[in-house]
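**Student:** Structure: input-v6.pdb, PDB, C-alpha atoms and all ligand atoms.
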```pdb
MODEL        1
ATOM      1  CA  MET A 307     -18.914  72.103 -94.900
ATOM      2  CA  ARG A 308     -19.841  69.771 -97.710
ATOM      3  CA  ILE A 309     -20.145  66.044 -97.046
ATOM      4  CA  ASP A 310     -21.084  63.488 -99.707
ATOM      5  CA  VAL A 311     -22.159  60.091 -98.384
ATOM      6  CA  PHE A 312     -22.268  56.971-100.568
ATOM      7  CA  THR A 313     -24.455  54.188 -99.198
ATOM      8  CA  ILE A 314     -26.905  51.470-100.183
ATOM      9  CA  PHE A 315     -29.221  52.811 -97.429
ATOM     10  CA  PRO A 316     -29.664  56.488 -98.338
ATOM     11  CA  GLU A 317     -32.973  56.658 -96.458
ATOM     12  CA  VAL A 318     -31.255  55.617 -93.200
ATOM     13  CA  VAL A 319     -28.646  58.359 -93.505
ATOM     14  CA  GLU A 320     -31.209  60.958 -94.659
ATOM     15  CA  GLY A 321     -33.562  60.091 -91.809
ATOM     16  CA  TYR A 322     -30.980  60.611 -89.105
ATOM     17  CA  CYS A 323     -29.486  63.717 -90.681
ATOM     18  CA  ALA A 324     -32.874  65.444 -90.955
ATOM     19  CA  ALA A 325     -33.292  65.671 -87.180
ATOM     20  CA  SER A 326     -31.758  67.624 -84.336
ATOM     21  CA  LEU A 327     -28.313  69.209 -84.651
ATOM     22  CA  LEU A 328     -27.670  67.959 -88.190
ATOM     23  CA  GLY A 329     -31.102  68.967 -89.484
ATOM     24  CA  ARG A 330     -30.610  72.456 -88.089
ATOM     25  CA  ALA A 331     -27.059  72.733 -89.460
ATOM     26  CA  ARG A 332     -28.368  71.794 -92.900
ATOM     27  CA  ARG A 333     -31.266  74.250 -92.770
ATOM     28  CA  ASP A 334     -28.969  77.037 -91.553
ATOM     29  CA  GLY A 335     -26.471  76.398 -94.346
ATOM     30  CA  HIS A 336     -23.589  75.194 -92.147
ATOM     31  CA  LEU A 337     -23.758  71.687 -93.591
ATOM     32  CA  ASP A 338     -24.222  70.791 -97.268
ATOM     33  CA  LEU A 339     -24.876  67.049 -96.951
ATOM     34  CA  ARG A 340     -25.518  65.044-100.131
ATOM     35  CA  VAL A 341     -26.565  61.432 -99.733
ATOM     36  CA  ARG A 342     -25.943  59.222-102.787
ATOM     37  CA  ASP A 343     -27.352  55.798-103.518
ATOM     38  CA  LEU A 344     -24.649  53.295-104.491
ATOM     39  CA  ARG A 345     -27.269  51.394-106.481
ATOM     40  CA  GLU A 346     -27.684  54.326-108.831
ATOM     41  CA  ALA A 347     -24.807  53.136-111.012
ATOM     42  CA  THR A 348     -26.117  49.577-111.394
ATOM     43  CA  ASP A 349     -27.694  48.607-114.693
ATOM     44  CA  ASP A 350     -29.228  45.203-113.964
ATOM     45  CA  ALA A 351     -32.866  44.761-112.984
ATOM     46  CA  ARG A 352     -31.969  43.660-109.433
ATOM     47  CA  ARG A 353     -29.556  46.548-108.925
ATOM     48  CA  THR A 354     -26.823  44.222-107.683
ATOM     49  CA  VAL A 355     -23.992  45.718-105.638
ATOM     50  CA  ASP A 356     -22.470  42.610-104.036
ATOM     51  CA  ASP A 357     -21.077  39.235-105.030
ATOM     52  CA  ALA A 358     -19.427  36.157-103.480
ATOM     53  CA  PRO A 359     -15.755  36.462-102.507
ATOM     54  CA  PHE A 360     -13.049  35.021-104.746
ATOM     55  CA  GLY A 361     -11.333  32.233-102.849
ATOM     56  CA  GLY A 362     -14.524  31.242-101.099
ATOM     57  CA  GLY A 363     -15.846  32.000 -97.654
ATOM     58  CA  ALA A 364     -19.048  33.265 -96.132
ATOM     59  CA  GLY A 365     -20.869  36.448 -96.978
ATOM     60  CA  MET A 366     -20.858  38.881 -99.833
ATOM     61  CA  VAL A 367     -18.433  41.548-100.953
ATOM     62  CA  LEU A 368     -19.353  45.018-102.200
ATOM     63  CA  MET A 369     -18.350  45.073-105.875
ATOM     64  CA  ALA A 370     -15.854  47.529-107.340
ATOM     65  CA  GLU A 371     -17.918  48.358-110.431
ATOM     66  CA  PRO A 372     -21.014  49.974-108.891
ATOM     67  CA  VAL A 373     -18.886  51.790-106.300
ATOM     68  CA  PHE A 374     -16.518  53.258-108.897
ATOM     69  CA  GLY A 375     -19.549  53.985-111.100
ATOM     70  CA  ALA A 376     -21.490  55.897-108.439
ATOM     71  CA  ILE A 377     -18.515  57.908-107.256
ATOM     72  CA  GLU A 378     -17.168  58.728-110.707
ATOM     73  CA  ALA A 379     -20.636  59.848-111.832
ATOM     74  CA  VAL A 380     -20.785  62.362-108.971
ATOM     75  CA  GLU A 381     -17.184  63.415-109.618
ATOM     76  CA  ALA A 382     -18.096  64.165-113.249
ATOM     77  CA  SER A 383     -21.351  66.031-112.544
ATOM     78  CA  ASP A 384     -21.013  67.936-109.218
ATOM     79  CA  GLY A 385     -17.363  67.358-108.416
ATOM     80  CA  LEU A 386     -16.519  65.235-105.401
ATOM     81  CA  ALA A 387     -15.599  66.569-101.965
ATOM     82  CA  ARG A 388     -12.207  65.059-101.130
ATOM     83  CA  PRO A 389     -10.796  63.304 -99.167
ATOM     84  CA  LEU A 390     -12.988  60.296 -99.873
ATOM     85  CA  LEU A 391     -12.944  58.085 -96.769
ATOM     86  CA  LEU A 392     -14.054  54.470 -96.516
ATOM     87  CA  LEU A 393     -15.748  53.448 -93.252
ATOM     88  CA  THR A 394     -14.355  50.091 -92.214
ATOM     89  CA  PRO A 395     -13.273  48.447 -88.928
ATOM     90  CA  GLY A 396      -9.717  48.255 -90.309
ATOM     91  CA  GLY A 397      -9.431  52.016 -90.792
ATOM     92  CA  ARG A 398      -7.612  54.761 -88.880
ATOM     93  CA  PRO A 399      -9.224  55.187 -85.442
ATOM     94  CA  PHE A 400     -11.690  58.090 -85.509
ATOM     95  CA  THR A 401     -11.038  60.382 -82.535
ATOM     96  CA  GLN A 402     -11.885  63.946 -81.543
ATOM     97  CA  GLU A 403      -8.562  64.943 -83.095
ATOM     98  CA  VAL A 404      -9.555  63.450 -86.447
ATOM     99  CA  ALA A 405     -12.969  65.155 -86.145
ATOM    100  CA  ALA A 406     -11.213  68.500 -85.629
ATOM    101  CA  GLU A 407      -8.967  67.806 -88.627
ATOM    102  CA  LEU A 408     -12.000  67.127 -90.839
ATOM    103  CA  ALA A 409     -13.857  70.164 -89.485
ATOM    104  CA  GLY A 410     -10.966  72.239 -90.830
ATOM    105  CA  VAL A 411     -11.347  71.204 -94.478
ATOM    106  CA  GLU A 412     -13.951  72.483 -96.939
ATOM    107  CA  GLY A 413     -15.538  69.105 -97.416
ATOM    108  CA  PHE A 414     -15.034  65.366 -97.589
ATOM    109  CA  SER A 415     -16.889  62.246 -98.694
ATOM    110  CA  LEU A 416     -17.752  59.034 -96.909
ATOM    111  CA  LEU A 417     -18.171  55.613 -98.450
ATOM    112  CA  CYS A 418     -20.126  53.147 -96.323
ATOM    113  CA  GLY A 419     -18.760  49.627 -96.548
ATOM    114  CA  ARG A 420     -21.188  46.737 -96.386
ATOM    115  CA  TYR A 421     -21.445  43.015 -96.018
ATOM    116  CA  GLU A 422     -18.261  41.057 -95.390
ATOM    117  CA  GLY A 423     -16.129  43.701 -97.006
ATOM    118  CA  VAL A 424     -15.463  45.895 -99.998
ATOM    119  CA  ASP A 425     -13.505  44.833-103.077
ATOM    120  CA  GLN A 426      -9.897  45.769-102.257
ATOM    121  CA  ARG A 427      -9.555  47.697-105.541
ATOM    122  CA  VAL A 428     -11.874  50.329-104.063
ATOM    123  CA  ALA A 429      -9.503  50.808-101.130
ATOM    124  CA  ASP A 430      -6.418  50.675-103.359
ATOM    125  CA  HIS A 431      -7.490  52.889-106.250
ATOM    126  CA  LEU A 432     -10.507  54.998-105.337
ATOM    127  CA  VAL A 433     -10.492  56.190-101.733
ATOM    128  CA  ASP A 434      -8.020  58.522-100.029
ATOM    129  CA  GLY A 435      -8.194  56.932 -96.584
ATOM    130  CA  GLU A 436     -10.091  54.623 -94.237
ATOM    131  CA  LEU A 437     -11.761  55.352 -90.894
ATOM    132  CA  SER A 438     -12.942  53.102 -88.058
ATOM    133  CA  ILE A 439     -15.132  54.332 -85.200
ATOM    134  CA  GLY A 440     -14.023  51.596 -82.823
ATOM    135  CA  ASP A 441     -12.855  48.046 -82.297
ATOM    136  CA  TYR A 442     -16.106  46.274 -83.059
ATOM    137  CA  VAL A 443     -17.789  45.189 -86.265
ATOM    138  CA  LEU A 444     -20.991  46.808 -87.489
ATOM    139  CA  GLY A 445     -23.191  45.438 -90.249
ATOM    140  CA  GLY A 446     -22.085  48.308 -92.432
ATOM    141  CA  GLY A 447     -20.576  51.761 -92.456
ATOM    142  CA  GLU A 448     -23.825  53.761 -92.139
ATOM    143  CA  ALA A 449     -23.877  54.081 -88.347
ATOM    144  CA  ALA A 450     -20.152  54.895 -88.460
ATOM    145  CA  ALA A 451     -20.727  57.571 -91.119
ATOM    146  CA  LEU A 452     -23.390  59.169 -88.903
ATOM    147  CA  VAL A 453     -20.939  59.240 -85.995
ATOM    148  CA  VAL A 454     -18.335  60.983 -88.162
ATOM    149  CA  ILE A 455     -20.832  63.452 -89.648
ATOM    150  CA  GLU A 456     -22.197  64.459 -86.233
ATOM    151  CA  ALA A 457     -18.815  64.721 -84.487
ATOM    152  CA  VAL A 458     -17.426  66.882 -87.316
ATOM    153  CA  THR A 459     -20.495  69.061 -87.852
ATOM    154  CA  ARG A 460     -20.668  70.128 -84.213
ATOM    155  CA  LEU A 461     -17.146  71.550 -84.635
ATOM    156  CA  VAL A 462     -18.085  73.624 -87.690
ATOM    157  CA  PRO A 463     -18.239  77.279 -86.547
ATOM    158  CA  GLY A 464     -21.860  78.336 -86.020
ATOM    159  CA  ALA A 465     -23.351  74.837 -86.299
ATOM    160  CA  LEU A 466     -23.902  74.513 -82.542
ATOM    161  CA  GLY A 467     -25.203  78.032 -82.197
ATOM    162  CA  ASN A 468     -22.664  78.486 -79.396
ATOM    163  CA  ASP A 469     -19.004  78.342 -80.417
ATOM    164  CA  GLN A 470     -17.724  77.953 -76.882
ATOM    165  CA  SER A 471     -19.448  74.748 -75.960
ATOM    166  CA  ALA A 472     -17.618  72.576 -78.500
ATOM    167  CA  ASN A 473     -14.285  73.657 -77.033
ATOM    168  CA  GLU A 474     -15.134  73.478 -73.372
ATOM    169  CA  GLU A 475     -16.211  69.913 -73.177
ATOM    170  CA  SER A 476     -14.838  66.409 -73.041
ATOM    171  CA  PHE A 477     -11.777  65.617 -75.118
ATOM    172  CA  ALA A 478     -11.233  69.185 -76.320
ATOM    173  CA  ASP A 479      -8.386  69.336 -73.779
ATOM    174  CA  GLY A 480      -7.861  65.585 -73.530
ATOM    175  CA  LEU A 481      -9.987  65.199 -70.374
ATOM    176  CA  LEU A 482     -13.396  63.721 -69.665
ATOM    177  CA  GLU A 483     -16.135  66.170 -68.802
ATOM    178  CA  TYR A 484     -16.858  67.389 -65.267
ATOM    179  CA  PRO A 485     -20.320  66.554 -63.866
ATOM    180  CA  GLN A 486     -23.187  68.877 -64.789
ATOM    181  CA  TYR A 487     -26.368  69.638 -62.850
ATOM    182  CA  THR A 488     -29.518  71.626 -63.491
ATOM    183  CA  ARG A 489     -32.621  72.494 -61.453
ATOM    184  CA  PRO A 490     -33.865  71.442 -58.963
ATOM    185  CA  ALA A 491     -31.018  72.011 -56.479
ATOM    186  CA  GLU A 492     -32.271  69.010 -54.556
ATOM    187  CA  PHE A 493     -33.868  65.939 -56.117
ATOM    188  CA  ARG A 494     -34.977  62.965 -53.987
ATOM    189  CA  GLY A 495     -32.618  64.094 -51.290
ATOM    190  CA  TRP A 496     -29.608  64.334 -53.633
ATOM    191  CA  ALA A 497     -28.227  67.849 -53.516
ATOM    192  CA  VAL A 498     -26.214  69.660 -56.165
ATOM    193  CA  PRO A 499     -22.654  70.358 -54.904
ATOM    194  CA  GLU A 500     -22.747  73.583 -52.904
ATOM    195  CA  VAL A 501     -19.841  75.179 -54.783
ATOM    196  CA  LEU A 502     -21.880  75.269 -58.020
ATOM    197  CA  ARG A 503     -24.471  77.455 -56.316
ATOM    198  CA  SER A 504     -21.954  79.729 -54.611
ATOM    199  CA  GLY A 505     -21.720  82.240 -57.454
ATOM    200  CA  ASP A 506     -17.920  82.244 -57.027
ATOM    201  CA  HIS A 507     -16.790  81.725 -60.639
ATOM    202  CA  ALA A 508     -13.123  81.077 -59.819
ATOM    203  CA  LYS A 509     -14.104  78.463 -57.251
ATOM    204  CA  VAL A 510     -16.516  76.824 -59.701
ATOM    205  CA  ALA A 511     -13.787  76.695 -62.361
ATOM    206  CA  ARG A 512     -11.315  75.095 -59.927
ATOM    207  CA  TRP A 513     -13.905  72.532 -58.785
ATOM    208  CA  ARG A 514     -14.767  71.615 -62.386
ATOM    209  CA  ARG A 515     -11.120  71.242 -63.332
ATOM    210  CA  ALA A 516     -10.508  69.003 -60.310
ATOM    211  CA  ARG A 517     -13.550  66.847 -61.127
ATOM    212  CA  ALA A 518     -12.507  66.504 -64.791
ATOM    213  CA  LEU A 519      -8.967  65.528 -63.777
ATOM    214  CA  ALA A 520     -10.134  63.065 -61.108
ATOM    215  CA  ARG A 521     -12.712  61.460 -63.377
ATOM    216  CA  THR A 522     -10.186  61.072 -66.190
ATOM    217  CA  LEU A 523      -7.497  59.668 -63.886
ATOM    218  CA  GLU A 524      -9.994  57.185 -62.474
ATOM    219  CA  ARG A 525     -11.757  56.067 -65.663
ATOM    220  CA  ARG A 526      -9.274  56.757 -68.438
ATOM    221  CA  PRO A 527      -5.734  56.937 -67.057
ATOM    222  CA  ASP A 528      -4.528  56.344 -70.635
ATOM    223  CA  LEU A 529      -5.777  59.843 -71.532
ATOM    224  CA  ILE A 530      -3.739  61.369 -68.686
ATOM    225  CA  VAL A 531      -0.641  59.494 -69.898
ATOM    226  CA  ALA A 532      -1.314  60.667 -73.474
ATOM    227  CA  ARG A 533      -1.188  64.307 -72.369
ATOM    228  CA  GLY A 534       2.104  63.777 -70.574
ATOM    229  CA  GLY A 535       0.843  63.031 -67.056
ATOM    230  CA  LEU A 536      -0.380  65.474 -64.405
ATOM    231  CA  SER A 537       1.454  68.765 -63.878
ATOM    232  CA  THR A 538       2.559  69.851 -60.391
ATOM    233  CA  GLU A 539      -0.311  72.343 -60.331
ATOM    234  CA  GLU A 540      -2.820  69.614 -61.267
ATOM    235  CA  VAL A 541      -1.503  67.289 -58.549
ATOM    236  CA  ARG A 542      -1.887  70.143 -56.033
ATOM    237  CA  LEU A 543      -5.429  70.854 -57.235
ATOM    238  CA  LEU A 544      -6.423  67.195 -56.833
ATOM    239  CA  ALA A 545      -4.778  66.948 -53.411
ATOM    240  CA  GLU A 546      -6.742  70.021 -52.292
ATOM    241  CA  ALA A 547      -9.905  68.370 -53.608
ATOM    242  CA  GLY A 548      -9.256  65.396 -51.316
ATOM    243  CA  GLU A 549      -8.118  62.982 -54.031
ATOM    244  CA  VAL A 550      -4.931  61.902 -52.229
ATOM    245  CA  HIS A 551      -5.856  58.228 -52.461
ATOM    246  CA  LEU A 552      -6.560  58.413 -56.201
ATOM    247  CA  LEU A 553      -3.285  60.256 -56.760
ATOM    248  CA  ALA A 554      -1.322  57.624 -54.825
ATOM    249  CA  GLU A 555      -3.032  54.831 -56.760
ATOM    250  CA  HIS A 556      -1.647  56.321 -59.966
ATOM    251  CA  GLY A 557       1.834  56.949 -58.616
ATOM    252  CA  TYR A 558       1.587  60.642 -57.722
ATOM    253  CA  ASP A 559       2.993  61.970 -54.424
ATOM    254  CA  SER A 560       0.908  64.746 -52.967
TER     255      SER A 560
HETATM  256  N1  LIG B 601     -18.057  49.179 -90.621
HETATM  257  C1  LIG B 601     -18.228  48.097 -89.852
HETATM  258  N2  LIG B 601     -17.693  48.259 -88.644
HETATM  259  C2  LIG B 601     -17.155  49.506 -88.625
HETATM  260  C3  LIG B 601     -16.443  50.260 -87.659
HETATM  261  N3  LIG B 601     -16.164  49.787 -86.437
HETATM  262  N4  LIG B 601     -16.049  51.507 -88.001
HETATM  263  C4  LIG B 601     -16.294  51.974 -89.237
HETATM  264  N5  LIG B 601     -16.948  51.314 -90.181
HETATM  265  C5  LIG B 601     -17.381  50.089 -89.886
ENDMDL
END
```
Here is a file; write its structure as structure tokens.
Ligand code: ADE
**Tutor:**
Amino acid sequence: MRIDVFTIFPEVVEGYCAASLLGRARRDGHLDLRVRDLREATDDARRTVDDAPFGGGAGMVLMAEPVFGAIEAVEASDGLARPLLLLTPGGRPFTQEVAAELAGVEGFSLLCGRYEGVDQRVADHLVDGELSIGDYVLGGGEAAALVVIEAVTRLVPGALGNDQSANEESFADGLLEYPQYTRPAEFRGWAVPEVLRSGDHAKVARWRRARALARTLERRPDLIVARGGLSTEEVRLLAEAGEVHLLAEHGYDS
């Protein structure tokens, strides 16, 4: 997986991507991450990348010239991993599904927006798409780029060191994760649910499924709706787990 990142804060992106999962994925050759400084293509002494908006208003806008310059220079020398995606709050919502989509391509590039915006000609004539990590406004696209890089890299085969775990967890099947526990079995009087220590794998699997369904129905009913509601078998499982009240609250007869 090759990812090129264009940013005016290369050291921020490099710093984060040197540690933990991403650092290991890079060292093991699962991730070929290349961080590029947008200021590289500037030719003035102050290495200017932003200017005041036409039409007036507060803040500064990332200029088309240095952005085109930096990206075209990479395109000409190393080739550019496409699609090239601009991080911006107005972009396509980034979800686990989009992460899986990106994990399936050979590479892609990320352009971190900055300041009050990016000259629209960058969006219109340079990038292939736009991504947003949520309905809030960050100071720039760097933190968003890190979110995308990490969510995608953990889906690249081998990058986690355990191919199963990426598929088993939250969102892989449209549900929130079931609760997890580790030693000790009792901590300050709070005991781990008995079923998890029973050694009965079928029972453990049923309990986990029920907890994931109940938690999702309670906290994120929109996710249950998105997967077409609960099946008859799922309603039965939740009823057996004692979640009759929760089921009724969401319009299910048990
Ligand atoms: N840049 C600023 N806010 C952002 C967001 N929510 N997602 C992606 N990029 C951003």
**Student:** Set the cut-off to 9 Å, count all atoms listed in the file, and list whatever residues fall near ligand LIG 601 (chain B) as a PyMOL selection string.
**Tutor:** chain A and resi 392-397+399-400+418-423+436-451
**Student:** Using the chain letters and numbers from this file, what does the PyMOL selection byres (((chain A and resi 329) around 12) and not hetatm) select? Give the answer as a list in words.
**Tutor:**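 The output of the PyMOL selection byres (((chain A and resi 329) around 12) and not hetatm) on this file is Val319, Glu320, Gly321, Tyr322, Cys323, Ala324, Ala325, Ser326, Leu327, Leu328, Arg330, Ala331, Arg332, Arg333, Asp334, Gly335, His336, Leu337, Asp338, Leu339, Ile455, Glu456, Thr459, Arg460, Ala465 and Leu466 of chain A.
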**Student:** Can you pull out the residues contacting Ser415 (chain A)? Cut-off 7 Å, using all atoms listed in the file, and skip same-chain residues under 5 positions away; I want them as a list in words.
**Tutor:** Ile309, Asp310, Val311, Ala387, Arg388, Pro389, Leu390 and Leu391 of chain A
**Student:** For the residues selected in the previous step, produce a file with C-alpha atoms as a PDB file, in the coordinates of the input.
**Tutor:**
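Output contents, as saved in out-v3.pdb:
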```
ATOM      1  CA  ILE A 309     -20.145  66.044 -97.046  1.00  0.00           C
ATOM      2  CA  ASP A 310     -21.084  63.488 -99.707  1.00  0.00           C
ATOM      3  CA  VAL A 311     -22.159  60.091 -98.384  1.00  0.00           C
ATOM      4  CA  ALA A 387     -15.599  66.569-101.965  1.00  0.00           C
ATOM      5  CA  ARG A 388     -12.207  65.059-101.130  1.00  0.00           C
ATOM      6  CA  PRO A 389     -10.796  63.304 -99.167  1.00  0.00           C
ATOM      7  CA  LEU A 390     -12.988  60.296 -99.873  1.00  0.00           C
ATOM      8  CA  LEU A 391     -12.944  58.085 -96.769  1.00  0.00           C
TER       9      LEU A 391
END
```
**Student:** Between CA of Asp479 (chain A) and CA of Gly557 (chain A), what is the distance in Å, rounded to a tenth?
**Tutor:** 22.1 Å
**Student:** For the interface of region 412-514 of chain A with region 542-547 of chain A (cut-off 12 Å, counting all atoms listed in the file), please tabulate each contacting residue of region 412-514 of chain A alongside its nearest pair of atoms and their separation in Å to one decimal, rows sorted by chain and increasing number, as a tab-separated table.
**Tutor:**
```
residue	atom	partner	partner_atom	distance
A:Lys509	CA	A:Ala547	CA	11.5
A:Ala511	CA	A:Leu543	CA	11.4
A:Arg512	CA	A:Leu543	CA	7.7
A:Trp513	CA	A:Ala547	CA	7.8
A:Arg514	CA	A:Ala547	CA	10.5
```
**Student:** Those same residues - C-alpha atoms - I'd like them written as a JSON list (two decimals), in the coordinates of the input.
**Tutor:**
```json
[["chain", "number", "residue", "atom", "x", "y", "z"],
["A", 509, "LYS", "CA", -14.10, 78.46, -57.25],
["A", 511, "ALA", "CA", -13.79, 76.69, -62.36],
["A", 512, "ARG", "CA", -11.32, 75.10, -59.93],
["A", 513, "TRP", "CA", -13.90, 72.53, -58.78],
["A", 514, "ARG", "CA", -14.77, 71.61, -62.39]]
```
**Student:** Which of these residues is nearest to Arg515 (chain A), using all atoms listed in the file: A:Leu481, A:Leu368, A:Ala491, A:Val318?
**Tutor:**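 Checking each candidate against Arg515 (chain A), we get A:Leu481 as the closest.
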